[in-house]
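Asker: I'd like to ask you about the structure that follows.
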Amino acid sequence: RVAAAKLAGVACLKDTLDMEDHGAFATLSFLDCGLPSTAHVTDLAPYARAILSDLAAKKPDVIVVELGDGILGDYRVGTFFEDADLLRATKAVVMCANDLVAAWGAQKLLEEWGIPITVVSGPVTDNQTGTEYIRDELKLPAANAKSDGRTLFGIVYEEIRK
């Protein structure tokens with residue numbers, strides 16, 4: 001059983017409804033904490049811990065978390081990665097990138113933070129050249145969620161089973 005959370009970004013009920021439409025039996029977002037957005041929130045971690053604690057109480061097999069559309073910036077995603085408890089609970093990181101520069105930059109930044117990327121997905125994997133560059137040059141697995149969902153699932157599944 002899968003639970004899901006949107007922990008950063010701008011409040012959009014569509015996001016959690018999409019999670020439910022795709023199989024999540026329970027969903028929560030920062031909107032459930034009374035926040036219309038995580039922009040300018042000093043620290044995302046307390047909200048993330050509260051949301052994840054509520055979802056964990058429902059006894060899912062796994063909780064899938066969306067962290068919004070950027071590691072850097074006002075949505076405060078970086079503060080999630082600064083929290084040791086949240087990092088210990090993180091079993092896989094799917095980095096969605098729009099292009100090769102974003103994939104490269106995400107890898108460099110997360111390496112600096114000591115956070116391994118499990119797999120790269122997103123528009124950067126929409127074509128073979130993007131996927132090959134990620135695999136060959138960045139030395140990371142790559143899989144497109146829309147055209148190669150089984151591969152993406154397999155990579156994440158193997159990582160969380162470790």
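A note on labels: chains of the structure tokens are A, B, ... as shown, every chain counts residues from 1, and ligands are counted from 1 in their shown order.
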Using DSSP on the backbone coordinates, identify the residues of stretch 111-162 of chain A assigned to helix (DSSP H, G or I); present them as a list in words.
Answerer: Glu111, Glu112, Trp113, Pro123, Val124, Thr125, Gln128, Thr129, Gly130, Thr131, Glu132, Tyr133, Ile134, Arg135, Asp136, Gly149, Arg150, Thr151, Leu152, Phe153, Gly154, Ile155, Val156, Tyr157, Glu158, Glu159, Ile160 and Arg161 of chain A
Asker: Could you write out that same residue set with N, CA and C atoms as a PDB file, in the first residue's frame?
Answerer:
```pdb
ATOM      1  N   GLU A 111      25.493  15.904  -4.382  1.00  0.00           N
ATOM      2  CA  GLU A 111      26.787  15.341  -3.965  1.00  0.00           C
ATOM      3  C   GLU A 111      27.401  16.200  -2.866  1.00  0.00           C
ATOM      4  N   GLU A 112      27.325  17.514  -3.038  1.00  0.00           N
ATOM      5  CA  GLU A 112      27.852  18.443  -2.038  1.00  0.00           C
ATOM      6  C   GLU A 112      27.136  18.256  -0.696  1.00  0.00           C
ATOM      7  N   TRP A 113      25.863  17.949  -0.744  1.00  0.00           N
ATOM      8  CA  TRP A 113      25.071  17.734   0.468  1.00  0.00           C
ATOM      9  C   TRP A 113      25.182  16.300   0.987  1.00  0.00           C
ATOM     10  N   PRO A 123      11.607  15.426 -17.986  1.00  0.00           N
ATOM     11  CA  PRO A 123      11.751  15.721 -19.412  1.00  0.00           C
ATOM     12  C   PRO A 123      13.141  15.450 -19.978  1.00  0.00           C
ATOM     13  N   VAL A 124      14.184  15.518 -19.151  1.00  0.00           N
ATOM     14  CA  VAL A 124      15.538  15.231 -19.630  1.00  0.00           C
ATOM     15  C   VAL A 124      15.642  13.812 -20.180  1.00  0.00           C
ATOM     16  N   THR A 125      14.760  12.921 -19.743  1.00  0.00           N
ATOM     17  CA  THR A 125      14.787  11.528 -20.210  1.00  0.00           C
ATOM     18  C   THR A 125      13.777  11.271 -21.326  1.00  0.00           C
ATOM     19  N   GLN A 128      16.516   9.617 -26.164  1.00  0.00           N
ATOM     20  CA  GLN A 128      17.641   8.705 -25.954  1.00  0.00           C
ATOM     21  C   GLN A 128      18.932   9.445 -25.623  1.00  0.00           C
ATOM     22  N   THR A 129      19.158  10.592 -26.248  1.00  0.00           N
ATOM     23  CA  THR A 129      20.418  11.297 -25.988  1.00  0.00           C
ATOM     24  C   THR A 129      20.502  11.782 -24.542  1.00  0.00           C
ATOM     25  N   GLY A 130      19.399  12.251 -23.989  1.00  0.00           N
ATOM     26  CA  GLY A 130      19.397  12.676 -22.593  1.00  0.00           C
ATOM     27  C   GLY A 130      19.647  11.514 -21.657  1.00  0.00           C
ATOM     28  N   THR A 131      18.950  10.422 -21.905  1.00  0.00           N
ATOM     29  CA  THR A 131      19.099   9.235 -21.066  1.00  0.00           C
ATOM     30  C   THR A 131      20.521   8.688 -21.142  1.00  0.00           C
ATOM     31  N   GLU A 132      21.074   8.615 -22.340  1.00  0.00           N
ATOM     32  CA  GLU A 132      22.440   8.102 -22.501  1.00  0.00           C
ATOM     33  C   GLU A 132      23.462   9.007 -21.815  1.00  0.00           C
ATOM     34  N   TYR A 133      23.294  10.316 -21.931  1.00  0.00           N
ATOM     35  CA  TYR A 133      24.228  11.238 -21.278  1.00  0.00           C
ATOM     36  C   TYR A 133      24.205  11.035 -19.762  1.00  0.00           C
ATOM     37  N   ILE A 134      23.033  10.914 -19.208  1.00  0.00           N
ATOM     38  CA  ILE A 134      22.911  10.717 -17.755  1.00  0.00           C
ATOM     39  C   ILE A 134      23.606   9.426 -17.340  1.00  0.00           C
ATOM     40  N   ARG A 135      23.369   8.366 -18.095  1.00  0.00           N
ATOM     41  CA  ARG A 135      23.992   7.076 -17.766  1.00  0.00           C
ATOM     42  C   ARG A 135      25.500   7.100 -17.988  1.00  0.00           C
ATOM     43  N   ASP A 136      25.929   7.623 -19.144  1.00  0.00           N
ATOM     44  CA  ASP A 136      27.343   7.540 -19.526  1.00  0.00           C
ATOM     45  C   ASP A 136      28.219   8.604 -18.865  1.00  0.00           C
ATOM     46  N   GLY A 149       8.035   3.454 -17.401  1.00  0.00           N
ATOM     47  CA  GLY A 149       7.669   3.407 -15.992  1.00  0.00           C
ATOM     48  C   GLY A 149       8.112   2.149 -15.273  1.00  0.00           C
ATOM     49  N   ARG A 150       8.096   1.022 -15.978  1.00  0.00           N
ATOM     50  CA  ARG A 150       8.517  -0.236 -15.341  1.00  0.00           C
ATOM     51  C   ARG A 150       9.987  -0.186 -14.926  1.00  0.00           C
ATOM     52  N   THR A 151      10.815   0.381 -15.786  1.00  0.00           N
ATOM     53  CA  THR A 151      12.235   0.502 -15.442  1.00  0.00           C
ATOM     54  C   THR A 151      12.416   1.440 -14.256  1.00  0.00           C
ATOM     55  N   LEU A 152      11.732   2.568 -14.281  1.00  0.00           N
ATOM     56  CA  LEU A 152      11.815   3.509 -13.168  1.00  0.00           C
ATOM     57  C   LEU A 152      11.377   2.835 -11.873  1.00  0.00           C
ATOM     58  N   PHE A 153      10.261   2.141 -11.914  1.00  0.00           N
ATOM     59  CA  PHE A 153       9.776   1.430 -10.728  1.00  0.00           C
ATOM     60  C   PHE A 153      10.809   0.416 -10.251  1.00  0.00           C
ATOM     61  N   GLY A 154      11.375  -0.341 -11.174  1.00  0.00           N
ATOM     62  CA  GLY A 154      12.350  -1.367 -10.807  1.00  0.00           C
ATOM     63  C   GLY A 154      13.568  -0.796 -10.105  1.00  0.00           C
ATOM     64  N   ILE A 155      14.066   0.321 -10.598  1.00  0.00           N
ATOM     65  CA  ILE A 155      15.235   0.958  -9.986  1.00  0.00           C
ATOM     66  C   ILE A 155      14.906   1.414  -8.565  1.00  0.00           C
ATOM     67  N   VAL A 156      13.769   2.064  -8.407  1.00  0.00           N
ATOM     68  CA  VAL A 156      13.372   2.552  -7.082  1.00  0.00           C
ATOM     69  C   VAL A 156      13.076   1.388  -6.149  1.00  0.00           C
ATOM     70  N   TYR A 157      12.382   0.384  -6.648  1.00  0.00           N
ATOM     71  CA  TYR A 157      12.026  -0.779  -5.823  1.00  0.00           C
ATOM     72  C   TYR A 157      13.275  -1.478  -5.286  1.00  0.00           C
ATOM     73  N   GLU A 158      14.250  -1.669  -6.150  1.00  0.00           N
ATOM     74  CA  GLU A 158      15.491  -2.315  -5.702  1.00  0.00           C
ATOM     75  C   GLU A 158      16.205  -1.474  -4.646  1.00  0.00           C
ATOM     76  N   GLU A 159      16.166  -0.165  -4.799  1.00  0.00           N
ATOM     77  CA  GLU A 159      16.829   0.714  -3.827  1.00  0.00           C
ATOM     78  C   GLU A 159      16.135   0.667  -2.465  1.00  0.00           C
ATOM     79  N   ILE A 160      14.827   0.685  -2.446  1.00  0.00           N
ATOM     80  CA  ILE A 160      14.139   0.704  -1.146  1.00  0.00           C
ATOM     81  C   ILE A 160      14.161  -0.660  -0.462  1.00  0.00           C
ATOM     82  N   ARG A 161      14.454  -1.711  -1.217  1.00  0.00           N
ATOM     83  CA  ARG A 161      14.559  -3.050  -0.623  1.00  0.00           C
ATOM     84  C   ARG A 161      15.892  -3.264   0.084  1.00  0.00           C
TER      85      ARG A 161
END
```
Asker: I'd like a table as CSV: residues in stretch 73-142 of chain A with an atom no more than 8 Å from stretch 1-11 of chain A, each row giving the shortest atom pair and its distance in Å to one decimal, only C-alpha atoms counted, sorted by chain and rising residue number.
Answerer:
```
residue,atom,partner,partner_atom,distance
A:Tyr75,CA,A:Gly9,CA,5.4
A:Arg76,CA,A:Ala8,CA,7.2
A:Val77,CA,A:Ala8,CA,6.4
```
Asker: Measuring between only C-alpha atoms, which one of A:Gly34, A:Asn127, A:Asp69, A:Leu87 shows the shortest distance to A:Gly114?
Answerer: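 Among the listed residues, A:Leu87 lies closest to A:Gly114.
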Asker: Between A:Lys91, A:Gly78, A:Leu67, A:Ala142, which has the minimum distance to A:Asp43 (counting only C-alpha atoms)?
Answerer: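 Going through A:Lys91, A:Gly78, A:Leu67, A:Ala142 one by one, the smallest distance to A:Asp43 is for A:Gly78.
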Asker: Hey, what's within 12 Å of A:Phe25 if we count only C-alpha atoms and toss same-chain stuff fewer than 6 positions away? As a list in words, please?
Answerer: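 So, after excluding close chain neighbours, the residues are Arg1, Val2, Ala3, Ala4, Ala5, Thr16, Leu17, Asp18, Met19, Leu55, Lys58, Lys59, Pro60, Asp61, Val62, Ile63 and Val64 of chain A.
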Asker: Using the selection just defined, write its residues with N, CA and C atoms as an mmCIF file, in the first residue's frame.
Answerer:
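selection.cif was written with the following content:
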```cif
data_model
loop_
_atom_site.group_PDB
_atom_site.id
_atom_site.type_symbol
_atom_site.label_atom_id
_atom_site.label_comp_id
_atom_site.auth_asym_id
_atom_site.auth_seq_id
_atom_site.Cartn_x
_atom_site.Cartn_y
_atom_site.Cartn_z
ATOM 1 N N ARG A 1 0.835 -1.186 0.000
ATOM 2 C CA ARG A 1 0.000 0.000 0.000
ATOM 3 C C ARG A 1 0.873 1.241 0.000
ATOM 4 N N VAL A 2 0.483 2.187 -0.820
ATOM 5 C CA VAL A 2 1.270 3.401 -1.017
ATOM 6 C C VAL A 2 0.521 4.608 -0.464
ATOM 7 N N ALA A 3 1.207 5.405 0.331
ATOM 8 C CA ALA A 3 0.726 6.718 0.744
ATOM 9 C C ALA A 3 1.607 7.742 0.037
ATOM 10 N N ALA A 4 1.114 8.961 -0.093
ATOM 11 C CA ALA A 4 1.879 9.970 -0.824
ATOM 12 C C ALA A 4 1.706 11.342 -0.190
ATOM 13 N N ALA A 5 2.732 12.177 -0.371
ATOM 14 C CA ALA A 5 2.710 13.524 0.193
ATOM 15 C C ALA A 5 3.351 14.513 -0.764
ATOM 16 N N THR A 16 -2.443 16.148 -5.114
ATOM 17 C CA THR A 16 -2.773 15.000 -4.258
ATOM 18 C C THR A 16 -3.884 14.159 -4.868
ATOM 19 N N LEU A 17 -4.797 14.780 -5.608
ATOM 20 C CA LEU A 17 -5.830 13.993 -6.294
ATOM 21 C C LEU A 17 -5.202 13.105 -7.363
ATOM 22 N N ASP A 18 -4.185 13.614 -8.073
ATOM 23 C CA ASP A 18 -3.457 12.786 -9.048
ATOM 24 C C ASP A 18 -2.782 11.608 -8.353
ATOM 25 N N MET A 19 -2.225 11.853 -7.176
ATOM 26 C CA MET A 19 -1.592 10.769 -6.421
ATOM 27 C C MET A 19 -2.618 9.688 -6.085
ATOM 28 N N LEU A 55 0.912 10.159 7.899
ATOM 29 C CA LEU A 55 0.802 9.107 6.881
ATOM 30 C C LEU A 55 1.346 7.782 7.401
ATOM 31 N N LYS A 58 -0.887 5.391 9.248
ATOM 32 C CA LYS A 58 -1.833 4.601 8.446
ATOM 33 C C LYS A 58 -1.227 3.283 7.973
ATOM 34 N N LYS A 59 0.028 3.031 8.336
ATOM 35 C CA LYS A 59 0.744 1.781 8.057
ATOM 36 C C LYS A 59 0.890 1.460 6.562
ATOM 37 N N PRO A 60 1.370 2.417 5.768
ATOM 38 C CA PRO A 60 1.627 2.095 4.362
ATOM 39 C C PRO A 60 2.893 1.255 4.233
ATOM 40 N N ASP A 61 3.035 0.604 3.089
ATOM 41 C CA ASP A 61 4.286 -0.095 2.794
ATOM 42 C C ASP A 61 5.379 0.902 2.422
ATOM 43 N N VAL A 62 4.965 2.005 1.817
ATOM 44 C CA VAL A 62 5.909 3.028 1.371
ATOM 45 C C VAL A 62 5.175 4.367 1.311
ATOM 46 N N ILE A 63 5.934 5.438 1.531
ATOM 47 C CA ILE A 63 5.400 6.789 1.359
ATOM 48 C C ILE A 63 6.201 7.462 0.253
ATOM 49 N N VAL A 64 5.514 7.884 -0.792
ATOM 50 C CA VAL A 64 6.135 8.605 -1.900
ATOM 51 C C VAL A 64 5.968 10.094 -1.617
#
```
Asker: When distances are computed from only C-alpha atoms, which of A:Ala45, A:Val65, A:Ala102, A:Ile71 shows the smallest separation from A:Ser29?
Answerer: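 Among the listed residues, the smallest separation from A:Ser29 belongs to A:Val65.
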Asker: Between atom CA of A:Val94 and atom CA of A:Asp54, what is the spacing in Å?
Answerer: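 So the answer is 22.6 Å.
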Asker: Excluding same-chain residues fewer than 5 positions from A:Ala103, what lies within 8 Å of it counting only C-alpha atoms, as a PyMOL selection string?
Answerer: chain A and resi 95-98+120+124+134
Asker: Could you please take those selected residues and save N, CA and C atoms as a PDB file, in the first residue's frame?
Answerer:
```pdb
ATOM      1  N   MET A  95      15.286  12.127  -8.992  1.00  0.00           N
ATOM      2  CA  MET A  95      15.521  13.517  -9.361  1.00  0.00           C
ATOM      3  C   MET A  95      14.927  13.766 -10.739  1.00  0.00           C
ATOM      4  N   CYS A  96      13.899  14.589 -10.800  1.00  0.00           N
ATOM      5  CA  CYS A  96      13.303  14.942 -12.085  1.00  0.00           C
ATOM      6  C   CYS A  96      13.929  16.246 -12.562  1.00  0.00           C
ATOM      7  N   ALA A  97      14.451  16.212 -13.773  1.00  0.00           N
ATOM      8  CA  ALA A  97      15.144  17.375 -14.328  1.00  0.00           C
ATOM      9  C   ALA A  97      14.572  17.712 -15.692  1.00  0.00           C
ATOM     10  N   ASN A  98      14.538  19.001 -15.996  1.00  0.00           N
ATOM     11  CA  ASN A  98      14.023  19.440 -17.294  1.00  0.00           C
ATOM     12  C   ASN A  98      15.022  19.235 -18.419  1.00  0.00           C
ATOM     13  N   VAL A 120      17.473   9.400 -12.303  1.00  0.00           N
ATOM     14  CA  VAL A 120      17.047  10.660 -12.903  1.00  0.00           C
ATOM     15  C   VAL A 120      15.881  10.369 -13.831  1.00  0.00           C
ATOM     16  N   VAL A 124      14.184  15.518 -19.151  1.00  0.00           N
ATOM     17  CA  VAL A 124      15.538  15.231 -19.630  1.00  0.00           C
ATOM     18  C   VAL A 124      15.642  13.812 -20.180  1.00  0.00           C
ATOM     19  N   ILE A 134      23.033  10.914 -19.208  1.00  0.00           N
ATOM     20  CA  ILE A 134      22.911  10.717 -17.755  1.00  0.00           C
ATOM     21  C   ILE A 134      23.606   9.426 -17.340  1.00  0.00           C
TER      22      ILE A 134
END
```
Asker: So which residues of stretch 35-94 of chain A fall under strand (DSSP E) by DSSP, listed as a list in words?
Answerer: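 The strand (DSSP E) subset of stretch 35-94 of chain A is Val62, Ile63, Val64, Val65, Glu66 and Val94 of chain A.
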Asker: Please produce an output containing C-alpha atoms for each residue in the selection, written as a compact mmCIF listing (two decimals), in the first residue's frame.
Answerer:
```txt
# COMPACT_ATOMS: atom_id res chain seq x y z
CA VAL A 62 5.91 3.03 1.37
CA ILE A 63 5.40 6.79 1.36
CA VAL A 64 6.14 8.60 -1.90
CA VAL A 65 7.06 12.26 -1.42
CA GLU A 66 7.01 15.08 -3.95
CA VAL A 94 14.13 10.31 -7.90
```
